[in-house]
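To be precise, the following lines are my_file.csv, and they hold CSV, C-alpha atoms.
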chain,number,residue,atom,x,y,z
A,13,MET,CA,0.0,0.0,0.0
A,14,MET,CA,1.3,3.5,-0.9
A,15,THR,CA,2.4,5.6,2.0
A,16,THR,CA,0.7,9.0,2.0
A,17,GLU,CA,2.6,12.2,2.5
A,18,GLU,CA,0.8,12.6,5.8
A,19,GLN,CA,2.0,9.2,7.0
A,20,THR,CA,5.5,10.0,5.9
A,21,LEU,CA,5.3,13.3,7.9
A,22,ASN,CA,4.1,11.5,11.0
A,23,GLU,CA,6.9,9.0,10.8
A,24,ILE,CA,9.5,11.7,10.4
A,25,LEU,CA,8.1,13.6,13.4
A,26,THR,CA,8.1,10.4,15.5
A,27,LEU,CA,11.6,9.5,14.5
A,28,ALA,CA,13.0,13.0,15.1
A,29,ALA,CA,11.3,13.1,18.5
A,30,GLN,CA,12.7,9.7,19.5
A,31,HIS,CA,16.3,10.4,18.3
A,32,PHE,CA,16.6,14.0,19.6
A,33,LYS,CA,14.7,13.2,22.8
A,34,VAL,CA,12.0,15.8,22.5
A,35,SER,CA,8.3,15.4,23.1
A,36,ARG,CA,6.5,14.3,19.9
A,37,ASP,CA,3.7,16.7,20.8
A,38,LYS,CA,6.1,19.7,20.7
A,39,LEU,CA,7.0,19.1,17.0
A,40,ARG,CA,4.9,20.9,14.5
A,41,PRO,CA,5.0,20.1,10.7
A,42,ASP,CA,5.7,23.7,9.6
A,43,GLU,CA,8.2,24.7,12.3
A,44,ASP,CA,11.9,25.2,11.7
A,45,PHE,CA,13.4,21.8,12.8
A,46,PHE,CA,16.9,23.3,13.2
A,47,LYS,CA,15.4,25.6,15.9
A,48,THR,CA,12.9,23.1,17.4
A,49,LEU,CA,15.4,20.3,17.7
A,50,ASN,CA,18.3,22.7,18.4
A,51,ILE,CA,20.5,20.9,15.8
A,52,ASP,CA,23.4,22.0,13.6
A,53,SER,CA,24.2,20.9,10.1
A,54,LEU,CA,26.1,17.8,11.2
A,55,GLN,CA,23.1,16.7,13.3
A,56,ALA,CA,20.9,17.4,10.3
A,57,LEU,CA,23.1,15.0,8.3
A,58,ASP,CA,22.6,12.5,11.0
A,59,LEU,CA,18.8,13.0,10.8
A,60,LEU,CA,19.0,12.6,7.0
A,61,THR,CA,20.9,9.3,7.3
A,62,ARG,CA,18.3,8.0,9.8
A,63,LEU,CA,15.5,9.0,7.4
A,64,GLU,CA,17.2,7.4,4.5
A,65,ASN,CA,17.6,4.2,6.5
A,66,HIS,CA,14.1,4.3,7.8
A,67,PHE,CA,12.4,4.9,4.5
A,68,HIS,CA,14.9,2.9,2.4
A,69,VAL,CA,15.5,5.9,0.1
A,70,GLU,CA,18.5,7.8,-1.1
A,71,MET,CA,18.2,11.6,-0.7
A,72,PRO,CA,21.0,13.7,-2.3
A,73,ASP,CA,21.8,16.2,0.4
A,74,TYR,CA,21.6,19.2,-2.0
A,75,GLU,CA,17.9,18.6,-2.2
A,76,LEU,CA,17.7,19.5,1.4
A,77,GLN,CA,19.5,22.8,1.0
A,78,GLY,CA,17.2,25.5,2.4
A,79,VAL,CA,14.7,22.9,3.7
A,80,THR,CA,14.0,23.7,7.3
A,81,ASP,CA,10.5,22.5,8.1
A,82,PHE,CA,9.3,18.9,8.5
A,83,ARG,CA,6.5,19.2,5.9
A,84,THR,CA,8.8,20.1,3.1
A,85,LEU,CA,11.2,17.4,4.2
A,86,ALA,CA,8.3,14.9,4.1
A,87,SER,CA,7.4,16.0,0.6
A,88,ARG,CA,11.1,15.6,-0.6
A,89,ILE,CA,11.2,12.0,0.9
A,90,GLN,CA,7.7,11.2,-0.5
A,91,ALA,CA,9.0,12.0,-4.0
A,92,ARG,CA,11.5,9.2,-3.7
A,93,LEU,CA,9.3,6.5,-2.1
B,25,MET,CA,57.0,3.5,19.6
B,26,ASP,CA,54.3,0.9,20.3
B,27,GLN,CA,52.1,3.3,22.2
B,28,PHE,CA,51.4,7.0,21.8
B,29,ARG,CA,48.9,9.4,23.3
B,30,GLY,CA,48.6,12.6,21.5
B,31,LYS,CA,46.2,15.5,21.3
B,32,ALA,CA,44.7,14.5,17.9
B,33,LEU,CA,45.3,10.8,17.9
B,34,SER,CA,46.6,7.8,19.9
B,35,TRP,CA,47.8,4.4,19.0
B,36,GLU,CA,48.7,1.1,20.6
B,37,VAL,CA,49.6,-2.4,19.6
B,38,SER,CA,47.9,-5.4,21.1
B,39,ALA,CA,47.8,-9.0,20.0
B,40,GLY,CA,49.2,-8.2,16.6
B,41,VAL,CA,46.8,-5.4,15.9
B,42,ILE,CA,47.6,-1.7,15.8
B,43,GLU,CA,44.7,0.5,16.7
B,44,LEU,CA,45.0,4.1,15.7
B,45,ALA,CA,42.3,6.2,17.4
B,46,LEU,CA,41.4,9.7,16.2
B,47,HIS,CA,40.0,11.9,19.0
B,48,ARG,CA,40.3,15.6,18.3
B,49,GLU,CA,37.1,17.7,18.7
B,50,PRO,CA,34.9,18.6,16.9
B,51,CYS,CA,35.3,15.9,14.2
B,52,ASN,CA,39.0,15.1,13.8
B,53,GLU,CA,39.8,17.9,11.4
B,54,ILE,CA,43.2,17.4,9.9
B,55,GLY,CA,45.4,20.5,10.5
B,56,SER,CA,49.0,21.0,11.4
B,57,LEU,CA,48.7,19.3,14.8
B,58,ALA,CA,47.0,16.2,13.4
B,59,LEU,CA,49.5,16.1,10.5
B,60,HIS,CA,52.4,16.2,12.9
B,61,GLU,CA,51.0,13.3,14.9
B,62,LEU,CA,50.2,11.4,11.8
B,63,GLU,CA,53.8,11.8,10.7
B,64,LYS,CA,54.9,10.3,14.1
B,65,PHE,CA,52.6,7.4,13.4
B,66,ALA,CA,53.9,6.9,9.9
B,67,ASP,CA,57.5,6.9,11.2
B,68,ALA,CA,56.6,4.3,13.9
B,69,LEU,CA,54.6,2.1,11.6
B,70,SER,CA,57.4,0.1,10.0
B,71,GLY,CA,58.7,-0.8,13.5
B,72,MET,CA,55.2,-1.8,14.7
B,73,ALA,CA,54.5,-3.7,11.5
B,74,ARG,CA,57.1,-6.3,12.5
B,75,GLN,CA,54.9,-7.4,15.4
B,76,ALA,CA,51.5,-6.7,13.9
B,77,HIS,CA,49.4,-8.2,11.1
B,78,ALA,CA,46.6,-5.6,11.1
B,79,LEU,CA,45.9,-1.9,11.6
B,80,ILE,CA,42.5,-0.5,12.5
B,81,VAL,CA,41.9,3.2,12.1
B,82,HIS,CA,38.8,4.6,13.9
B,83,SER,CA,37.4,7.6,15.7
B,84,THR,CA,36.3,7.8,19.3
B,85,LEU,CA,34.2,10.9,18.6
B,86,LYS,CA,30.4,10.7,18.3
B,87,ALA,CA,30.3,13.1,15.3
B,88,GLY,CA,32.1,10.7,13.0
B,89,PHE,CA,35.3,9.4,11.6
B,90,CYS,CA,36.8,12.6,10.3
B,91,ALA,CA,35.4,15.8,8.7
B,92,GLY,CA,38.5,16.4,6.6
B,93,ALA,CA,41.0,19.1,6.4
B,94,ASP,CA,41.0,21.9,9.1
B,95,LEU,CA,39.5,24.6,6.9
B,96,ARG,CA,39.6,27.2,9.5
B,97,GLU,CA,43.4,26.8,10.0
B,98,LEU,CA,43.8,26.7,6.2
B,99,TYR,CA,41.9,29.9,5.8
B,100,GLN,CA,43.6,31.7,8.6
B,101,ARG,CA,47.1,30.7,7.6
B,102,SER,CA,46.7,31.4,3.9
B,103,HIS,CA,45.1,34.8,4.8
B,104,GLU,CA,48.1,35.9,6.8
B,105,MET,CA,50.5,35.2,3.9
B,106,GLU,CA,51.3,36.5,0.4
B,107,LYS,CA,49.7,34.3,-2.3
B,108,ALA,CA,53.0,32.6,-3.4
B,109,GLN,CA,53.9,31.9,0.2
B,110,ALA,CA,50.4,30.5,0.9
B,111,VAL,CA,50.6,28.2,-2.1
B,112,ALA,CA,54.1,27.0,-1.0
B,113,GLY,CA,52.7,26.3,2.5
B,114,VAL,CA,49.8,24.3,1.0
B,115,ARG,CA,52.1,22.3,-1.3
B,116,ASP,CA,54.3,21.5,1.7
B,117,PHE,CA,51.3,20.4,3.7
B,118,LEU,CA,50.0,18.2,0.9
B,119,GLU,CA,53.3,16.6,0.2
B,120,ARG,CA,53.7,15.8,3.9
B,121,ILE,CA,50.1,14.3,4.2
B,122,HIS,CA,50.7,12.3,1.0
B,123,ARG,CA,53.9,10.8,2.5
B,124,VAL,CA,51.9,9.7,5.5
B,125,LEU,CA,49.0,8.3,3.5
B,126,ASN,CA,51.2,6.5,1.0
B,127,THR,CA,53.0,4.9,4.0
B,128,ILE,CA,49.7,3.6,5.4
B,129,ASP,CA,48.4,2.7,1.9
B,130,GLY,CA,51.4,0.5,1.2
B,131,ALA,CA,52.0,-0.7,4.8
B,132,PRO,CA,53.0,-4.4,5.0
B,133,LEU,CA,50.0,-5.4,7.0
B,134,THR,CA,46.2,-5.4,6.3
B,135,THR,CA,44.6,-2.1,7.2
B,136,ILE,CA,41.0,-1.4,8.1
B,137,ALA,CA,39.1,1.8,8.5
B,138,ALA,CA,36.2,1.4,10.9
B,139,VAL,CA,34.0,4.4,10.2
B,140,HIS,CA,30.8,6.0,11.4
B,141,GLY,CA,29.1,9.3,11.0
B,142,VAL,CA,30.8,12.1,9.0
B,143,THR,CA,33.6,10.7,6.7
B,144,PHE,CA,34.1,13.8,4.6
B,145,GLY,CA,36.9,15.1,2.4
B,146,GLY,CA,40.3,14.4,4.0
B,147,GLY,CA,38.6,12.0,6.3
B,148,PHE,CA,37.2,10.0,3.4
B,149,GLU,CA,40.7,10.1,1.9
B,150,LEU,CA,42.1,8.7,5.1
B,151,ALA,CA,39.6,5.8,5.0
B,152,LEU,CA,40.4,5.2,1.3
B,153,VAL,CA,44.1,4.4,2.0
B,154,CYS,CA,43.0,1.4,4.1
B,155,ASP,CA,42.6,-2.0,2.5
B,156,LEU,CA,39.0,-2.5,3.9
B,157,ILE,CA,36.4,0.0,5.0
B,158,ILE,CA,33.9,-1.3,7.6
B,159,ALA,CA,31.1,1.2,8.1
B,160,ASP,CA,28.2,1.4,10.5
B,161,LYS,CA,24.9,2.3,8.8
B,162,MET,CA,25.1,5.9,10.0
B,163,ALA,CA,28.3,6.7,8.1
B,164,ARG,CA,28.3,9.3,5.3
B,165,PHE,CA,30.9,9.7,2.6
B,166,CYS,CA,31.5,13.0,0.7
B,167,PHE,CA,34.0,15.0,-1.3
B,168,PRO,CA,32.7,18.5,-0.6
B,169,GLU,CA,35.8,20.2,-2.1
B,170,LEU,CA,34.2,21.6,-5.2
B,171,ARG,CA,32.1,23.8,-2.9
B,172,LEU,CA,35.3,25.5,-2.0
B,173,GLY,CA,36.6,25.8,-5.6
B,174,LEU,CA,39.0,22.9,-5.0
B,175,ILE,CA,39.5,19.2,-5.6
B,176,PRO,CA,40.2,16.7,-2.9
B,177,GLY,CA,43.9,17.1,-2.1
B,178,PHE,CA,44.8,14.1,0.1
B,179,GLY,CA,44.8,11.5,-2.7
B,180,GLY,CA,41.1,10.9,-2.9
B,181,ILE,CA,40.4,10.9,-6.6
B,182,PRO,CA,43.3,8.6,-7.7
B,183,ARG,CA,42.5,6.2,-4.8
B,184,LEU,CA,38.8,6.1,-5.4
B,185,LYS,CA,39.4,5.6,-9.1
B,186,ARG,CA,41.8,2.8,-8.3
B,187,ASP,CA,39.2,1.1,-6.1
B,188,LEU,CA,35.9,1.8,-8.0
B,189,GLY,CA,34.7,2.9,-11.3
B,190,ASN,CA,35.3,6.4,-12.7
B,191,GLY,CA,31.5,7.0,-12.7
B,192,VAL,CA,31.3,6.7,-8.9
B,193,VAL,CA,34.2,9.2,-8.6
B,194,ARG,CA,32.4,11.6,-10.9
B,195,ASP,CA,29.1,11.3,-9.0
B,196,LEU,CA,30.8,12.1,-5.6
B,197,LEU,CA,33.2,14.7,-7.0
B,198,LEU,CA,31.0,16.7,-9.4
B,199,THR,CA,27.8,16.8,-7.4
B,200,GLY,CA,29.4,17.2,-3.9
B,201,ARG,CA,26.7,15.0,-2.5
B,202,SER,CA,27.2,12.6,0.3
B,203,PHE,CA,26.6,8.8,0.1
B,204,ASN,CA,25.1,7.0,3.0
B,205,ALA,CA,26.8,3.7,4.1
B,206,THR,CA,24.2,1.6,2.3
B,207,ARG,CA,24.9,3.2,-1.0
B,208,ALA,CA,28.7,3.0,-0.3
B,209,HIS,CA,28.3,-0.7,0.4
B,210,ALA,CA,26.3,-1.2,-2.8
B,211,VAL,CA,29.0,0.4,-5.0
B,212,GLY,CA,31.7,-1.6,-3.3
B,213,LEU,CA,33.4,1.1,-1.4
B,214,VAL,CA,32.4,-0.4,2.0
B,215,SER,CA,33.3,-4.0,2.5
B,216,GLN,CA,31.1,-4.6,5.6
B,217,LEU,CA,28.0,-2.7,6.6
B,218,VAL,CA,27.2,-3.1,10.3
B,219,ALA,CA,24.7,-1.8,12.8
B,220,GLU,CA,25.1,1.6,14.4
B,221,GLY,CA,28.1,1.6,16.8
B,222,GLU,CA,29.4,-1.8,15.7
B,223,ALA,CA,32.1,-0.8,13.2
B,224,LEU,CA,35.0,-1.1,15.6
B,225,ARG,CA,33.8,-4.4,17.0
B,226,ALA,CA,33.5,-5.8,13.4
B,227,ALA,CA,36.9,-4.5,12.5
B,228,ARG,CA,38.5,-6.2,15.6
B,229,ALA,CA,36.8,-9.5,14.6
B,230,THR,CA,38.1,-9.1,11.1
B,231,ALA,CA,41.6,-8.4,12.4
B,232,VAL,CA,41.5,-11.7,14.3
B,233,GLN,CA,40.6,-13.5,11.1
B,234,LEU,CA,43.5,-11.8,9.2
B,235,GLY,CA,45.9,-13.1,11.9
B,236,LYS,CA,45.2,-16.7,10.7
B,237,PHE,CA,47.0,-16.2,7.4
B,238,ASP,CA,50.7,-16.6,6.5
B,239,ARG,CA,52.1,-13.1,6.9
B,240,ARG,CA,54.4,-13.1,3.9
B,241,THR,CA,51.6,-14.3,1.6
B,242,ALA,CA,49.2,-11.6,2.9
B,243,ILE,CA,51.9,-9.0,2.2
B,244,ALA,CA,52.6,-10.3,-1.3
B,245,ALA,CA,48.9,-10.5,-2.1
B,246,LYS,CA,48.3,-6.9,-1.0
B,247,LYS,CA,51.3,-5.6,-3.0
B,248,PHE,CA,50.1,-7.4,-6.1
B,249,ILE,CA,46.5,-6.1,-5.9
B,250,LYS,CA,47.0,-2.6,-4.5
B,251,PRO,CA,49.4,-0.5,-6.4
B,252,ILE,CA,49.8,3.1,-5.2
B,253,PRO,CA,49.0,5.5,-8.1
B,254,HIS,CA,52.0,7.7,-7.5
B,255,HIS,CA,51.9,9.6,-10.9
B,256,GLU,CA,48.2,10.6,-10.4
B,257,LEU,CA,48.8,11.5,-6.8
B,258,LYS,CA,51.5,13.9,-7.9
B,259,GLN,CA,49.2,15.4,-10.6
B,260,GLU,CA,46.6,15.9,-8.0
B,261,ILE,CA,48.9,18.0,-5.8
B,262,ASP,CA,49.8,20.1,-8.8
B,263,LEU,CA,46.2,20.7,-9.8
B,264,PHE,CA,45.2,21.5,-6.2
B,265,CYS,CA,47.9,24.1,-6.0
B,266,GLN,CA,47.0,25.5,-9.4
B,267,LEU,CA,43.4,25.9,-8.3
B,268,PHE,CA,44.3,27.2,-4.8
B,269,VAL,CA,45.3,30.7,-6.2
B,270,GLU,CA,41.9,31.2,-7.9
B,271,PRO,CA,39.6,33.8,-6.3
B,272,ALA,CA,36.8,31.1,-5.9
B,273,VAL,CA,38.9,29.4,-3.2
B,274,GLU,CA,39.3,32.3,-0.9
B,275,ALA,CA,35.6,33.1,-1.4
B,276,GLY,CA,34.6,29.5,-0.7
B,277,LEU,CA,36.8,29.2,2.4
B,278,ARG,CA,35.7,32.5,3.8
B,279,LYS,CA,32.1,31.6,3.3
B,280,PHE,CA,32.6,28.3,5.2
B,281,VAL,CA,34.7,29.7,8.0
B,282,GLU,CA,32.7,32.9,8.6
B,283,SER,CA,29.3,31.3,8.0
B,284,THR,CA,26.8,31.6,10.8
B,285,GLU,CA,24.4,29.5,8.7
B,286,LEU,CA,23.2,26.3,10.3
B,287,GLN,CA,23.9,24.3,7.1
B,288,PRO,CA,27.6,24.7,6.2
B,289,TYR,CA,27.9,20.9,5.8
B,290,LEU,CA,25.0,20.8,3.4
B,291,PRO,CA,25.9,21.5,-0.2
Using the file provided, produce a representation of the structure as structure tokens.
Amino acid sequence: MMTTEEQTLNEILTLAAQHFKVSRDKLRPDEDFFKTLNIDSLQALDLLTRLENHFHVEMPDYELQGVTDFRTLASRIQARL
Amino acid sequence: MDQFRGKALSWEVSAGVIELALHREPCNEIGSLALHELEKFADALSGMARQAHALIVHSTLKAGFCAGADLRELYQRSHEMEKAQAVAGVRDFLERIHRVLNTIDGAPLTTIAAVHGVTFGGGFELALVCDLIIADKMARFCFPELRLGLIPGFGGIPRLKRDLGNGVVRDLLLTGRSFNATRAHAVGLVSQLVAEGEALRAARATAVQLGKFDRRTAIAAKKFIKPIPHHELKQEIDLFCQLFVEPAVEAGLRKFVESTELQPYLP
């Protein structure tokens, strides 16, 4: 069954909350995840690798240049599922 | 010297295995201090190789194996000098690091890079001198140098071309994108893909296996299959120095060093 973009978004939020040890309820789809998660670019790469492993996709990191919110991130991943 | 504890790295020999640990925050950037200690290691290696059959290179830092050259030091030093003097300094640095990496590349023992996390630029090139790369699934490999107007300078292109197809080199080099460990394993760069945090354990297990073989045969096999591309390595240094004087390099380095952006590691 095809995963919807909303399901992808939910999985990203859950994974980010678990890994960066923040409450899932505090994460909002349109928020800046660098600020919400308090992460730098190295940690963003770590998140990217976790997402690639979780969704079994390969995401060239230049596609994430300028992406700062979970919803856009979800759409980028969805495009490669 | 069978044991050393430095500021950037440490090593020790135990049960026929040399373990070289990188441990300089933030992510084992290779500047003059790391180079000096790597030279000490290269000098000690032939002595240690008489009592060892394997070398494992790994990082004790959470961020990763190695983020590459120390760009802040490179920028600051080259900024304080005249152009010609800066290029001479860069050439000297490259020739010294090449001597170290060539020594590890051709060392008469089997070498393993146990990598995790960021394995970028010079860090990737350090892993590439090893005979085997064992990666945990969180490792990422990248040649980000084109973002700075440069090419990899620590021997990365000739060694990756030696080990893999030219197409993989072009993909990494010309896009500046990073590969995750799964992709690196699929293209043959990584010999073993293991769970997060398991690379060093897997490397140690492999080192035990390597100890079962006749030493002279293992050395002969390595020498036969793994020639050092000396001519291309020299060409790489020349091209790097040629590019280093271009305005794009100063602009690229300044952008990286002075950046307050949250994404300097993203292309």
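Of the listed residues (B:Arg123, B:His60, B:Lys107, B:Lys86), B:Lys86 comes nearest to chain A; the distances count only C-alpha atoms.
Nearest-residue note for chain A: choosing from B:Asp116, B:Glu53, B:Asp67, B:Glu220, the minimum distance belongs to B:Glu220, counting all atoms listed in the file.
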Quiz item: Could you write out as number ranges by chain the residues of chain B within 12 Å of chain A, counting only C-alpha atoms?
Solution: B: 50-51, 86-88, 90-91, 140-144, 160-166, 168, 171, 195-196, 199-208, 219-220, 283-291
Quiz item: What's the 10 Å shell around region 18-29 of chain A, counting all atoms listed in the file, without same-chain residues fewer than 2 positions away, as number ranges by chain?
Solution: A: 14-16, 31-41, 45, 49, 59, 62-63, 66-67, 82-87, 89-90, 93
Quiz item: Quick one: of B:Lys246, B:Ala210, B:Leu98, B:Val111, who's nearest to Leu263 (chain B), counting only C-alpha atoms?
Solution: B:Val111
Exercise. Could you check how far CA of Gly179 (chain B) sits from CA of Ala112 (chain B), in Å to one decimal?
Key: 18.2 Å
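Across the model, the gap from CA of Gly71 (chain B) to CA of Ile243 (chain B) is 15.5 Å.
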Self-check item: Contacts of region 268-273 of chain B within 10 Å, only C-alpha atoms, excl. fewer than 3 positions in-chain, as a VMD selection string
Solution: chain B and resid 99 102 107 to 108 110 to 111 114 to 115 169 to 175 262 to 265 276 to 279
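What separates CA of Ser83 (chain B) from CA of Ser38 (chain B) is a distance of 17.6 Å.
Minimum distance to Ala93 (chain B) across B:Val218, B:Ala76, B:Val37, B:Leu57 (counting all atoms listed in the file) occurs at B:Leu57.
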Self-check item: Neighbour residues at most 10 Å from (52.4, 13.2, -0.5) (all atoms listed in the file) as number ranges by chain
Solution: B: 115-127, 177-179, 254, 257-258, 260-261
Quiz item: Between B:Glu282, B:Glu104, B:Asp187, B:Asp129, which is the closest to Val214 (chain B) once you count only C-alpha atoms?
Solution: B:Asp187
Rebuild region 41-60 of chain A to N, CA, C and O atoms - output it as a CSV table (one decimal), in the frame of the given file, please.
chain,number,residue,atom,x,y,z
A,41,PRO,N,4.6,20.4,12.1
A,41,PRO,CA,5.0,20.1,10.7
A,41,PRO,C,5.7,21.3,10.0
A,41,PRO,O,6.6,21.2,9.2
A,42,ASP,N,5.2,22.5,10.4
A,42,ASP,CA,5.7,23.7,9.6
A,42,ASP,C,6.8,24.5,10.4
A,42,ASP,O,7.2,25.5,9.9
A,43,GLU,N,7.2,24.0,11.5
A,43,GLU,CA,8.2,24.7,12.3
A,43,GLU,C,9.6,24.4,11.7
A,43,GLU,O,9.8,23.4,11.1
A,44,ASP,N,10.5,25.3,12.0
A,44,ASP,CA,11.9,25.2,11.7
A,44,ASP,C,12.6,24.1,12.5
A,44,ASP,O,12.7,24.3,13.8
A,45,PHE,N,12.9,22.9,11.9
A,45,PHE,CA,13.4,21.8,12.8
A,45,PHE,C,14.8,22.1,13.3
A,45,PHE,O,15.2,21.5,14.3
A,46,PHE,N,15.6,23.0,12.7
A,46,PHE,CA,16.9,23.3,13.2
A,46,PHE,C,16.7,24.0,14.6
A,46,PHE,O,17.4,23.7,15.6
A,47,LYS,N,15.7,24.8,14.7
A,47,LYS,CA,15.4,25.6,15.9
A,47,LYS,C,14.7,24.6,16.9
A,47,LYS,O,15.1,24.6,18.1
A,48,THR,N,13.7,24.0,16.5
A,48,THR,CA,12.9,23.1,17.4
A,48,THR,C,13.7,22.0,18.0
A,48,THR,O,13.6,21.7,19.2
A,49,LEU,N,14.6,21.4,17.2
A,49,LEU,CA,15.4,20.3,17.7
A,49,LEU,C,16.7,20.8,18.2
A,49,LEU,O,17.5,20.0,18.8
A,50,ASN,N,17.0,22.1,18.0
A,50,ASN,CA,18.3,22.7,18.4
A,50,ASN,C,19.5,21.9,17.8
A,50,ASN,O,20.4,21.4,18.5
A,51,ILE,N,19.5,21.7,16.5
A,51,ILE,CA,20.5,20.9,15.8
A,51,ILE,C,21.3,21.8,14.8
A,51,ILE,O,20.8,22.8,14.3
A,52,ASP,N,22.6,21.4,14.6
A,52,ASP,CA,23.4,22.0,13.6
A,52,ASP,C,23.4,21.2,12.3
A,52,ASP,O,22.7,20.2,12.2
A,53,SER,N,24.2,21.6,11.4
A,53,SER,CA,24.2,20.9,10.1
A,53,SER,C,24.7,19.4,10.2
A,53,SER,O,24.3,18.5,9.4
A,54,LEU,N,25.7,19.2,11.1
A,54,LEU,CA,26.1,17.8,11.2
A,54,LEU,C,25.0,16.9,11.8
A,54,LEU,O,24.8,15.7,11.4
A,55,GLN,N,24.3,17.4,12.7
A,55,GLN,CA,23.1,16.7,13.3
A,55,GLN,C,22.0,16.5,12.2
A,55,GLN,O,21.3,15.5,12.2
A,56,ALA,N,21.9,17.5,11.4
A,56,ALA,CA,20.9,17.4,10.3
A,56,ALA,C,21.3,16.3,9.3
A,56,ALA,O,20.4,15.6,8.8
A,57,LEU,N,22.6,16.1,9.1
A,57,LEU,CA,23.1,15.0,8.3
A,57,LEU,C,22.8,13.7,8.9
A,57,LEU,O,22.4,12.7,8.3
A,58,ASP,N,22.9,13.7,10.2
A,58,ASP,CA,22.6,12.5,11.0
A,58,ASP,C,21.1,12.1,10.9
A,58,ASP,O,20.7,11.0,10.6
A,59,LEU,N,20.3,13.2,10.9
A,59,LEU,CA,18.8,13.0,10.8
A,59,LEU,C,18.5,12.5,9.3
A,59,LEU,O,17.7,11.5,9.1
A,60,LEU,N,19.2,13.1,8.4
A,60,LEU,CA,19.0,12.6,7.0
A,60,LEU,C,19.4,11.1,6.8
A,60,LEU,O,18.6,10.4,6.2
